[in-house]
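Source file model_28.pdb; content: PDB, C-alpha atoms.
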ATOM      1  CA  MET I 212     120.286  76.813 106.552
ATOM      2  CA  THR I 213     119.938  74.090 109.167
ATOM      3  CA  GLY I 214     116.570  75.490 110.202
ATOM      4  CA  LEU I 215     115.470  75.741 106.583
ATOM      5  CA  ALA I 216     116.480  72.125 105.950
ATOM      6  CA  LEU I 217     114.566  70.981 109.036
ATOM      7  CA  LEU I 218     111.526  72.994 107.998
ATOM      8  CA  ALA I 219     111.616  71.561 104.484
ATOM      9  CA  PHE I 220     111.907  68.088 106.015
ATOM     10  CA  PHE I 221     108.790  68.591 108.158
ATOM     11  CA  ALA I 222     106.901  70.115 105.235
ATOM     12  CA  ALA I 223     107.763  67.098 103.090
ATOM     13  CA  LEU I 224     106.647  64.727 105.836
ATOM     14  CA  ALA I 225     103.345  66.570 106.172
ATOM     15  CA  LEU I 226     102.664  66.645 102.431
ATOM     16  CA  LEU I 227     103.676  63.030 101.848
ATOM     17  CA  ALA I 228     102.199  61.573 105.031
ATOM     18  CA  PRO I 229      99.613  59.443 103.163
ATOM     19  CA  LEU I 230     102.429  57.915 101.115
ATOM     20  CA  LEU I 231     105.017  57.565 103.883
ATOM     21  CA  ALA I 232     102.801  56.343 106.714
ATOM     22  CA  PRO I 233     103.041  52.536 107.023
ATOM     23  CA  ALA I 234      99.512  52.254 108.463
ATOM     24  CA  ASP I 235      96.293  54.128 109.088
ATOM     25  CA  PRO I 236      97.023  56.426 112.069
ATOM     26  CA  ALA I 237      93.557  55.766 113.518
ATOM     27  CA  HIS I 238      93.590  51.973 113.065
ATOM     28  CA  ILE I 239      93.170  50.186 116.394
ATOM     29  CA  ASP I 240      94.906  46.833 116.877
ATOM     30  CA  LEU I 241      94.622  45.774 120.521
ATOM     31  CA  ALA I 242      96.455  42.513 119.838
ATOM     32  CA  HIS I 243      99.653  44.502 119.186
ATOM     33  CA  ARG I 244      99.321  47.279 121.759
ATOM     34  CA  LEU I 245     102.410  48.849 123.382
ATOM     35  CA  GLN I 246     104.862  47.104 121.111
ATOM     36  CA  PRO I 247     108.364  48.648 121.327
ATOM     37  CA  PRO I 248     110.040  50.043 118.205
ATOM     38  CA  GLY I 249     111.103  47.284 115.889
ATOM     39  CA  HIS I 250     110.331  45.453 112.694
ATOM     40  CA  GLY I 251     106.848  46.264 111.409
ATOM     41  CA  HIS I 252     106.467  49.305 113.691
ATOM     42  CA  LEU I 253     109.592  51.471 113.548
ATOM     43  CA  PHE I 254     108.310  53.794 116.285
ATOM     44  CA  GLY I 255     106.300  51.129 118.118
ATOM     45  CA  THR I 256     102.570  51.153 118.880
ATOM     46  CA  ASP I 257     100.507  52.995 121.486
ATOM     47  CA  GLU I 258      98.025  51.716 124.075
ATOM     48  CA  LEU I 259      95.419  51.062 121.371
ATOM     49  CA  GLY I 260      97.811  49.392 118.964
ATOM     50  CA  ARG I 261      98.035  52.395 116.640
ATOM     51  CA  ASP I 262     101.273  52.899 114.730
ATOM     52  CA  VAL I 263     103.255  55.724 116.360
ATOM     53  CA  LEU I 264     105.233  56.525 113.200
ATOM     54  CA  SER I 265     102.038  57.046 111.196
ATOM     55  CA  ARG I 266     100.549  59.234 113.920
ATOM     56  CA  THR I 267     103.746  61.289 114.136
ATOM     57  CA  LEU I 268     103.714  61.890 110.378
ATOM     58  CA  TYR I 269     100.071  62.940 110.359
ATOM     59  CA  GLY I 270     100.666  65.102 113.425
ATOM     60  CA  ALA I 271     103.056  67.206 111.354
ATOM     61  CA  ARG I 272     100.163  68.096 109.055
ATOM     62  CA  VAL I 273      98.075  69.517 111.892
ATOM     63  CA  SER I 274     100.954  71.469 113.421
ATOM     64  CA  LEU I 275     102.031  73.109 110.150
ATOM     65  CA  VAL I 276      98.456  73.926 109.126
ATOM     66  CA  VAL I 277      97.784  75.523 112.505
ATOM     67  CA  ALA I 278     101.075  77.471 112.451
ATOM     68  CA  THR I 279     100.471  78.833 108.943
ATOM     69  CA  ALA I 280      96.828  79.746 109.555
ATOM     70  CA  VAL I 281      97.445  81.331 112.958
ATOM     71  CA  VAL I 282     100.319  83.493 111.748
ATOM     72  CA  GLY I 283      98.379  84.469 108.613
ATOM     73  CA  LEU I 284      95.308  85.589 110.571
ATOM     74  CA  SER I 285      97.337  87.278 113.318
ATOM     75  CA  LEU I 286      99.507  89.096 110.811
ATOM     76  CA  PHE I 287      96.507  90.301 108.802
ATOM     77  CA  ALA I 288      94.697  91.607 111.897
ATOM     78  CA  GLY I 289      97.873  93.161 113.299
ATOM     79  CA  LEU I 290      98.669  94.756 109.947
ATOM     80  CA  VAL I 291      95.253  96.423 109.750
ATOM     81  CA  MET I 292      95.146  97.574 113.359
ATOM     82  CA  GLY I 293      98.781  98.662 113.529
ATOM     83  CA  SER I 294      98.557 100.567 110.254
ATOM     84  CA  LEU I 295      95.484 102.486 111.401
ATOM     85  CA  ALA I 296      97.052 103.315 114.762
ATOM     86  CA  GLY I 297     100.424 104.361 113.386
ATOM     87  CA  PHE I 298      99.226 106.213 110.281
ATOM     88  CA  TYR I 299      96.361 108.239 111.719
ATOM     89  CA  GLY I 300      97.439 108.541 115.354
ATOM     90  CA  GLY I 301      95.247 110.525 117.712
ATOM     91  CA  LEU I 302      91.995 108.836 118.738
ATOM     92  CA  ALA I 303      92.614 105.769 116.552
ATOM     93  CA  ASP I 304      96.034 105.251 118.114
ATOM     94  CA  THR I 305      94.671 105.680 121.625
ATOM     95  CA  ALA I 306      91.762 103.277 121.075
ATOM     96  CA  ILE I 307      93.850 100.553 119.412
ATOM     97  CA  ASN I 308      97.239 100.847 121.097
ATOM     98  CA  ILE I 309      96.182 101.836 124.599
ATOM     99  CA  TYR I 310      92.787 100.323 125.257
ATOM    100  CA  LEU I 311      92.362  97.383 122.866
ATOM    101  CA  SER I 312      95.953  96.113 122.904
ATOM    102  CA  ASN I 313      96.332  96.427 126.662
ATOM    103  CA  ALA I 314      93.023  94.635 127.189
ATOM    104  CA  PHE I 315      94.336  91.615 125.262
ATOM    105  CA  LEU I 316      97.760  91.805 126.912
ATOM    106  CA  ALA I 317      96.184  91.811 130.376
ATOM    107  CA  LEU I 318      95.643  88.052 130.082
ATOM    108  CA  PRO I 319      98.325  85.522 129.128
ATOM    109  CA  GLY I 320      97.862  84.427 125.506
ATOM    110  CA  ILE I 321      97.585  80.726 126.268
ATOM    111  CA  LEU I 322      95.001  81.396 129.004
ATOM    112  CA  LEU I 323      92.919  83.471 126.596
ATOM    113  CA  ALA I 324      93.142  80.701 124.009
ATOM    114  CA  VAL I 325      92.091  78.075 126.577
ATOM    115  CA  ALA I 326      89.092  80.171 127.608
ATOM    116  CA  PHE I 327      88.036  80.733 123.982
ATOM    117  CA  VAL I 328      88.297  77.043 123.030
ATOM    118  CA  ALA I 329      86.550  75.952 126.227
ATOM    119  CA  PHE I 330      83.666  78.321 125.449
ATOM    120  CA  MET I 331      83.381  77.625 121.710
ATOM    121  CA  GLY I 332      84.237  73.923 121.825
ATOM    122  CA  PRO I 333      87.402  72.083 120.733
ATOM    123  CA  SER I 334      87.963  71.873 116.968
ATOM    124  CA  LEU I 335      90.621  72.784 114.434
ATOM    125  CA  VAL I 336      88.875  76.016 113.387
ATOM    126  CA  ASN I 337      88.274  77.164 116.959
ATOM    127  CA  LEU I 338      91.876  76.327 117.860
ATOM    128  CA  ILE I 339      93.189  78.503 115.019
ATOM    129  CA  LEU I 340      90.845  81.378 115.908
ATOM    130  CA  ALA I 341      91.801  81.167 119.584
ATOM    131  CA  LEU I 342      95.536  81.353 118.899
ATOM    132  CA  ALA I 343      95.077  84.155 116.348
ATOM    133  CA  LEU I 344      92.939  86.074 118.837
ATOM    134  CA  SER I 345      95.711  85.952 121.409
ATOM    135  CA  GLY I 346      98.569  86.644 118.982
ATOM    136  CA  TRP I 347      97.591  89.631 116.831
ATOM    137  CA  VAL I 348      98.631  92.252 119.397
ATOM    138  CA  ASN I 349     102.385  91.706 118.979
ATOM    139  CA  TYR I 350     102.086  92.155 115.216
ATOM    140  CA  ALA I 351      99.930  95.270 115.649
ATOM    141  CA  ARG I 352     102.470  96.938 117.906
ATOM    142  CA  LEU I 353     105.325  96.060 115.596
ATOM    143  CA  VAL I 354     103.464  97.446 112.574
ATOM    144  CA  ARG I 355     102.510 100.597 114.473
ATOM    145  CA  ALA I 356     106.129 101.308 115.428
ATOM    146  CA  GLN I 357     107.335 100.743 111.874
ATOM    147  CA  VAL I 358     104.592 102.889 110.338
ATOM    148  CA  LEU I 359     105.341 105.730 112.756
ATOM    149  CA  ALA I 360     108.983 105.705 111.634
ATOM    150  CA  VAL I 361     108.388 105.343 107.882
ATOM    151  CA  LYS I 362     105.470 107.769 107.419
ATOM    152  CA  GLU I 363     107.757 110.729 108.159
ATOM    153  CA  ARG I 364     110.320 109.748 105.527
ATOM    154  CA  GLU I 365     110.900 112.044 102.564
ATOM    155  CA  PHE I 366     109.517 109.727  99.888
ATOM    156  CA  VAL I 367     106.216 109.414 101.783
ATOM    157  CA  GLN I 368     105.960 113.178 102.195
ATOM    158  CA  ALA I 369     106.711 113.642  98.503
ATOM    159  CA  ALA I 370     103.962 111.200  97.528
ATOM    160  CA  ARG I 371     101.546 112.986  99.856
ATOM    161  CA  ALA I 372     102.438 116.354  98.281
ATOM    162  CA  LEU I 373     101.692 114.889  94.841
ATOM    163  CA  GLY I 374      98.176 114.054  96.002
ATOM    164  CA  ALA I 375      98.462 110.335  96.839
ATOM    165  CA  SER I 376      95.550 109.004  98.868
ATOM    166  CA  ASP I 377      95.972 107.492 102.324
ATOM    167  CA  LEU I 378      95.344 104.008 100.947
ATOM    168  CA  ARG I 379      97.998 104.457  98.267
ATOM    169  CA  LEU I 380     100.464 105.829 100.795
ATOM    170  CA  LEU I 381      99.965 102.790 103.003
ATOM    171  CA  THR I 382      99.927 100.078 100.343
ATOM    172  CA  ARG I 383     102.492 101.434  97.863
ATOM    173  CA  HIS I 384     104.942 103.413  99.967
ATOM    174  CA  ILE I 385     104.790 102.402 103.645
ATOM    175  CA  LEU I 386     103.924  98.690 103.831
ATOM    176  CA  PRO I 387     106.564  97.521 101.299
ATOM    177  CA  ASN I 388     109.208  99.199 103.468
ATOM    178  CA  ILE I 389     108.176  97.501 106.716
ATOM    179  CA  VAL I 390     107.783  93.945 105.433
ATOM    180  CA  GLN I 391     111.221  92.733 106.582
ATOM    181  CA  PRO I 392     110.598  92.757 110.363
ATOM    182  CA  LEU I 393     107.138  91.275 109.766
ATOM    183  CA  ILE I 394     108.648  88.281 107.948
ATOM    184  CA  VAL I 395     111.033  87.653 110.846
ATOM    185  CA  GLN I 396     108.263  88.036 113.418
ATOM    186  CA  GLY I 397     106.053  85.695 111.406
ATOM    187  CA  ALA I 398     108.712  82.969 111.329
ATOM    188  CA  VAL I 399     109.217  83.179 115.090
ATOM    189  CA  GLY I 400     105.454  83.333 115.585
ATOM    190  CA  MET I 401     105.039  80.010 113.798
ATOM    191  CA  ALA I 402     107.278  78.368 116.389
ATOM    192  CA  GLY I 403     105.046  79.739 119.134
ATOM    193  CA  ALA I 404     101.941  78.552 117.289
ATOM    194  CA  VAL I 405     103.287  74.974 117.014
ATOM    195  CA  LEU I 406     104.058  74.949 120.723
ATOM    196  CA  ALA I 407     100.673  76.456 121.631
ATOM    197  CA  GLU I 408      98.831  73.917 119.467
ATOM    198  CA  ALA I 409     100.683  71.070 121.182
ATOM    199  CA  THR I 410      99.829  72.565 124.580
ATOM    200  CA  LEU I 411      96.118  72.873 123.858
ATOM    201  CA  SER I 412      95.984  69.410 122.303
ATOM    202  CA  PHE I 413      97.756  68.037 125.374
ATOM    203  CA  LEU I 414      95.002  69.594 127.509
ATOM    204  CA  GLY I 415      92.314  68.067 125.293
ATOM    205  CA  LEU I 416      91.285  71.428 123.813
ATOM    206  CA  GLY I 417      92.809  70.982 120.365
ATOM    207  CA  VAL I 418      91.857  68.807 117.435
ATOM    208  CA  GLN I 419      89.774  65.923 118.720
ATOM    209  CA  PRO I 420      90.429  62.175 118.296
ATOM    210  CA  PRO I 421      90.878  60.178 116.174
ATOM    211  CA  THR I 422      92.916  62.911 114.408
ATOM    212  CA  ALA I 423      96.576  62.490 115.325
ATOM    213  CA  THR I 424      98.366  65.465 116.873
ATOM    214  CA  TRP I 425     101.664  65.629 118.714
ATOM    215  CA  GLY I 426     100.100  67.160 121.832
ATOM    216  CA  ALA I 427      97.388  64.488 122.009
ATOM    217  CA  MET I 428     100.024  61.777 121.582
ATOM    218  CA  LEU I 429     101.942  63.190 124.550
ATOM    219  CA  ASN I 430      98.756  63.265 126.600
ATOM    220  CA  ASP I 431      97.975  59.637 125.746
ATOM    221  CA  ALA I 432     101.518  58.602 126.656
ATOM    222  CA  ARG I 433     101.471  60.002 130.192
ATOM    223  CA  SER I 434     100.161  56.823 131.776
ATOM    224  CA  HIS I 435     102.845  54.740 130.050
ATOM    225  CA  LEU I 436     105.804  57.063 130.588
ATOM    226  CA  PHE I 437     108.004  54.585 132.466
ATOM    227  CA  GLU I 438     107.036  51.331 130.794
ATOM    228  CA  SER I 439     106.963  52.698 127.218
ATOM    229  CA  PRO I 440     109.040  55.916 127.121
ATOM    230  CA  TYR I 441     109.191  55.831 123.316
ATOM    231  CA  LEU I 442     105.554  56.996 123.277
ATOM    232  CA  VAL I 443     106.771  60.320 124.690
ATOM    233  CA  ALA I 444     110.150  60.477 122.972
ATOM    234  CA  PHE I 445     109.020  60.568 119.343
ATOM    235  CA  PRO I 446     106.242  63.214 119.480
ATOM    236  CA  ALA I 447     108.283  65.316 121.935
ATOM    237  CA  ALA I 448     111.281  65.215 119.585
ATOM    238  CA  ALA I 449     109.024  66.198 116.676
ATOM    239  CA  VAL I 450     107.686  69.229 118.575
ATOM    240  CA  ALA I 451     111.171  70.289 119.702
ATOM    241  CA  LEU I 452     112.730  69.986 116.238
ATOM    242  CA  CYS I 453     109.819  71.762 114.522
ATOM    243  CA  VAL I 454     109.952  74.678 116.976
ATOM    244  CA  LEU I 455     113.747  74.786 116.638
ATOM    245  CA  SER I 456     113.504  74.918 112.830
ATOM    246  CA  PHE I 457     111.191  77.940 112.893
ATOM    247  CA  ASN I 458     113.384  79.733 115.435
ATOM    248  CA  LEU I 459     116.514  79.102 113.377
ATOM    249  CA  VAL I 460     114.775  80.317 110.211
ATOM    250  CA  GLY I 461     113.634  83.452 112.053
ATOM    251  CA  ASP I 462     117.157  84.181 113.278
ATOM    252  CA  GLY I 463     118.566  83.577 109.804
ATOM    253  CA  LEU I 464     116.018  85.881 108.185
ATOM    254  CA  ARG I 465     116.750  88.581 110.738
ATOM    255  CA  ASP I 466     120.465  88.443 109.960
ATOM    256  CA  ALA I 467     119.901  88.278 106.208
ATOM    257  CA  LEU I 468     117.377  91.123 106.035
ATOM    258  CA  ASP I 469     119.058  93.482 108.511
ATOM    259  CA  PRO I 470     121.447  95.781 106.603
ATOM    260  CA  ARG I 471     123.383  96.517 109.795
ATOM    261  CA  SER I 472     124.172  92.818 110.200
ATOM    262  CA  ARG I 473     125.421  92.636 106.617
ATOM    263  CA  LEU I 474     127.518  95.739 107.211
ATOM    264  CA  ARG I 475     129.141  94.207 110.303
ATOM    265  CA  GLU I 476     129.878  91.001 108.379
ATOM    266  CA  GLY I 477     131.466  93.041 105.602
ATOM    267  CA  LEU I 478     133.683  94.809 108.094
TER     268      LEU I 478
END

Write-out of the structure in structure tokens:
Amino acid sequence: MTGLALLAFFAALALLAPLLAPADPAHIDLAHRLQPPGHGHLFGTDELGRDVLSRTLYGARVSLVVATAVVGLSLFAGLVMGSLAGFYGGLADTAINIYLSNAFLALPGILLAVAFVAFMGPSLVNLILALALSGWVNYARLVRAQVLAVKEREFVQAARALGASDLRLLTRHILPNIVQPLIVQGAVGMAGAVLAEATLSFLGLGVQPPTATWGAMLNDARSHLFESPYLVAFPAAAVALCVLSFNLVGDGLRDALDPRSRLREGL
């Protein structure tokens, strides 16, 4: 519940950023640069005089959009690939699970994302595609394992004996029974996506200025770490709390959706 409350808080900040932000996050005011937190600028101002609170609020929008889009694309690709590999087996399983998955797992995900963004150019769309490209494999392997276990169950065999097509078996009988671990994996995956977006933005490969992102704010604050530590503190705290909220929600969903956990609690 703590994670859910934190997540709802960040979602509200992202949705209401235009109303809550005290100033334009891209407005430059050199006369008031590097002002500490205080009246008029609750989180202070950065090296260009931009309001840190406004930039932190707008940064939540980018992080949540990236997390939702990345997990959605990764989950869709993993669902298709994992279903094909687990349901049909044989050559399809070998091609997807052995060759294709291992080829993507041979490189660290963040390194693959950096290479993709560096080749295609930094932008929001390319950032989302890069993170989805490096993240679909985990979903595919999870789906494959679940499909392999469920497709041998009696209700699936009964539907097959009644003449159900492969598509109907997958969509009506198998996929609804494997959705619980996918929801948990998706929640945890959003935490990883927020952290990866902040990392790429910190390296200058994410959303480009003047759009405010937490990673770019941390990058801009490096040269003022000792004289103005608040420039690091606020975006770093936002990243940490957002990642924590997704992890807590994932753990809570795992406990709530796992019948063995409910059985242990009942005992």

Between CA of Asn308 (chain I) and CA of Trp347 (chain I), distance in Å (one decimal):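 About the pair CA of Asn308 (chain I) and CA of Trp347 (chain I): they are 12.0 Å apart.
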
Contacts of His252 (chain I) at 8 Å (all atoms listed in the file; same-chain gap of 5+ positions) as a ChimeraX atom specification: /I:246-247,262-264

The PyMOL selection byres ((chain I and resi 273-285) around 10) resolved against shown file, as a ChimeraX atom specification: /I:218,221-222,225,268-272,286-290,335-336,338-351,396-409,418,422-426,450,453

Chain and number of each residue from the PyMOL selection byres ((chain I and resi 416) around 7), as an NGL selection string: :I and (328-329 or 333 or 411-412 or 414-415 or 417-418)

Can I get the selected residues back with C-alpha atoms, as a PDB file, in the coordinates of the input?
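And here is the file that came out, part_16.pdb:
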ATOM      1  CA  VAL I 328      88.297  77.043 123.030  1.00  0.00           C
ATOM      2  CA  ALA I 329      86.550  75.952 126.227  1.00  0.00           C
ATOM      3  CA  PRO I 333      87.402  72.083 120.733  1.00  0.00           C
ATOM      4  CA  LEU I 411      96.118  72.873 123.858  1.00  0.00           C
ATOM      5  CA  SER I 412      95.984  69.410 122.303  1.00  0.00           C
ATOM      6  CA  LEU I 414      95.002  69.594 127.509  1.00  0.00           C
ATOM      7  CA  GLY I 415      92.314  68.067 125.293  1.00  0.00           C
ATOM      8  CA  GLY I 417      92.809  70.982 120.365  1.00  0.00           C
ATOM      9  CA  VAL I 418      91.857  68.807 117.435  1.00  0.00           C
TER      10      VAL I 418
END

Residue members of the PyMOL selection byres ((chain I and resi 258) around 9) in the file shown, as a ChimeraX atom specification: /I:241,243-246,256-257,259-261,431-432,435

Could those selected residues go to a file with C-alpha atoms, as a PDB file, in the coordinates of the input?
ATOM      1  CA  LEU I 241      94.622  45.774 120.521  1.00  0.00           C
ATOM      2  CA  HIS I 243      99.653  44.502 119.186  1.00  0.00           C
ATOM      3  CA  ARG I 244      99.321  47.279 121.759  1.00  0.00           C
ATOM      4  CA  LEU I 245     102.410  48.849 123.382  1.00  0.00           C
ATOM      5  CA  GLN I 246     104.862  47.104 121.111  1.00  0.00           C
ATOM      6  CA  THR I 256     102.570  51.153 118.880  1.00  0.00           C
ATOM      7  CA  ASP I 257     100.507  52.995 121.486  1.00  0.00           C
ATOM      8  CA  LEU I 259      95.419  51.062 121.371  1.00  0.00           C
ATOM      9  CA  GLY I 260      97.811  49.392 118.964  1.00  0.00           C
ATOM     10  CA  ARG I 261      98.035  52.395 116.640  1.00  0.00           C
ATOM     11  CA  ASP I 431      97.975  59.637 125.746  1.00  0.00           C
ATOM     12  CA  ALA I 432     101.518  58.602 126.656  1.00  0.00           C
ATOM     13  CA  HIS I 435     102.845  54.740 130.050  1.00  0.00           C
TER      14      HIS I 435
END

Pairwise distance for CA of Val443 (chain I) and CA of Ala427 (chain I), rounded to one decimal in Å: 10.6 Å

Separation of CA of Ala324 (chain I) from CA of Leu302 (chain I), in Å and rounded to one decimal: 28.6 Å

Extract, using all atoms listed in the file, all DNA, RNA and protein residues at most 10 Å from Asn388 (chain I), discarding same-chain residues fewer than 6 positions from it, and format them as a PDB file with C-alpha atoms, in the coordinates of the input.
ATOM      1  CA  GLN I 357     107.335 100.743 111.874  1.00  0.00           C
ATOM      2  CA  VAL I 358     104.592 102.889 110.338  1.00  0.00           C
ATOM      3  CA  VAL I 361     108.388 105.343 107.882  1.00  0.00           C
ATOM      4  CA  LEU I 381      99.965 102.790 103.003  1.00  0.00           C
ATOM      5  CA  THR I 382      99.927 100.078 100.343  1.00  0.00           C
TER       6      THR I 382
END

Nearest to Leu359 (chain I) by atom-to-atom distance, counting only C-alpha atoms, from I:Ala296, I:Leu378, I:Ala234, I:Leu217: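 Nearest candidate to Leu359 (chain I) out of I:Ala296, I:Leu378, I:Ala234, I:Leu217: I:Ala296.
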
Nearest to Ala447 (chain I) by atom-to-atom distance, counting all atoms listed in the file, from I:Leu373, I:Leu231, I:Ile385, I:Met428: I:Met428

Leu386 (chain I) environment, 12 Å, all atoms listed in the file, sequence neighbours closer than 3 positions dropped, as a list in words: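 Contacts, with the query itself left out: Leu290, Val291, Gly293, Ser294, Leu295, Gly297, Phe298, Val354, Arg355, Gln357, Val358, Leu359, Ala360, Val361, Lys362, Val367, Asp377, Leu378, Arg379, Leu380, Leu381, Thr382, Arg383, Ile389, Val390, Gln391, Pro392 and Leu393 of chain I.
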
Please report, as AutoDock Vina command-line options, the centre and edge lengths in Å to one decimal of an axis-aligned box covering all listed atoms of region 387-392 of chain I with 5 Å per side.
--center_x 108.9 --center_y 96.0 --center_z 105.8 --size_x 14.7 --size_y 16.5 --size_z 19.1

Kindly write region 380-388 of chain I with all heavy atoms to a file, as a tab-separated table (two decimals), in the first residue's frame.
chain	number	residue	atom	x	y	z
I	380	LEU	N	-7.02	-21.43	-28.38
I	380	LEU	CA	-6.38	-22.04	-27.23
I	380	LEU	C	-5.47	-21.04	-26.51
I	380	LEU	O	-5.46	-20.97	-25.27
I	380	LEU	CB	-5.57	-23.27	-27.67
I	380	LEU	CG	-6.36	-24.51	-28.08
I	380	LEU	CD1	-5.42	-25.57	-28.61
I	380	LEU	CD2	-7.17	-25.06	-26.92
I	381	LEU	N	-4.72	-20.27	-27.29
I	381	LEU	CA	-3.81	-19.31	-26.70
I	381	LEU	C	-4.54	-18.15	-26.03
I	381	LEU	O	-4.25	-17.79	-24.89
I	381	LEU	CB	-2.85	-18.77	-27.77
I	381	LEU	CG	-1.62	-19.62	-28.08
I	381	LEU	CD1	-0.89	-19.10	-29.32
I	381	LEU	CD2	-0.67	-19.65	-26.89
I	382	THR	N	-5.50	-17.57	-26.75
I	382	THR	CA	-6.13	-16.33	-26.27
I	382	THR	C	-7.21	-16.57	-25.22
I	382	THR	O	-7.42	-15.73	-24.35
I	382	THR	CB	-6.73	-15.55	-27.44
I	382	THR	OG1	-7.68	-16.37	-28.13
I	382	THR	CG2	-5.63	-15.13	-28.41
I	383	ARG	N	-7.90	-17.70	-25.29
I	383	ARG	CA	-9.04	-17.93	-24.39
I	383	ARG	C	-8.73	-18.88	-23.24
I	383	ARG	O	-9.40	-18.82	-22.21
I	383	ARG	CB	-10.23	-18.50	-25.19
I	383	ARG	CG	-10.78	-17.56	-26.24
I	383	ARG	CD	-11.43	-16.34	-25.61
I	383	ARG	NE	-12.54	-16.70	-24.75
I	383	ARG	CZ	-13.77	-16.91	-25.17
I	383	ARG	NH1	-14.07	-16.79	-26.47
I	383	ARG	NH2	-14.74	-17.23	-24.32
I	384	HIS	N	-7.72	-19.72	-23.39
I	384	HIS	CA	-7.49	-20.73	-22.37
I	384	HIS	C	-6.11	-20.63	-21.70
I	384	HIS	O	-5.99	-20.92	-20.51
I	384	HIS	CB	-7.65	-22.13	-22.98
I	384	HIS	CG	-9.01	-22.41	-23.52
I	384	HIS	ND1	-10.09	-22.72	-22.72
I	384	HIS	CD2	-9.49	-22.37	-24.80
I	384	HIS	CE1	-11.18	-22.89	-23.46
I	384	HIS	NE2	-10.84	-22.68	-24.74
I	385	ILE	N	-5.09	-20.25	-22.46
I	385	ILE	CA	-3.73	-20.24	-21.91
I	385	ILE	C	-3.37	-18.86	-21.35
I	385	ILE	O	-2.99	-18.74	-20.18
I	385	ILE	CB	-2.71	-20.68	-22.97
I	385	ILE	CG1	-2.96	-22.15	-23.35
I	385	ILE	CG2	-1.29	-20.51	-22.45
I	385	ILE	CD1	-2.02	-22.68	-24.42
I	386	LEU	N	-3.48	-17.82	-22.17
I	386	LEU	CA	-3.03	-16.49	-21.74
I	386	LEU	C	-3.77	-15.97	-20.50
I	386	LEU	O	-3.12	-15.38	-19.62
I	386	LEU	CB	-3.16	-15.50	-22.89
I	386	LEU	CG	-2.24	-15.76	-24.09
I	386	LEU	CD1	-2.39	-14.66	-25.13
I	386	LEU	CD2	-0.80	-15.88	-23.65
I	387	PRO	N	-5.09	-16.16	-20.37
I	387	PRO	CA	-5.73	-15.68	-19.13
I	387	PRO	C	-5.21	-16.35	-17.86
I	387	PRO	O	-5.34	-15.79	-16.77
I	387	PRO	CB	-7.22	-16.02	-19.36
I	387	PRO	CG	-7.37	-16.05	-20.84
I	387	PRO	CD	-6.09	-16.62	-21.35
I	388	ASN	N	-4.61	-17.53	-18.00
I	388	ASN	CA	-4.11	-18.25	-16.84
I	388	ASN	C	-2.64	-17.99	-16.54
I	388	ASN	O	-2.11	-18.57	-15.58
I	388	ASN	CB	-4.32	-19.75	-17.04
I	388	ASN	CG	-5.78	-20.16	-16.92
I	388	ASN	OD1	-6.30	-20.30	-15.82
I	388	ASN	ND2	-6.44	-20.33	-18.05
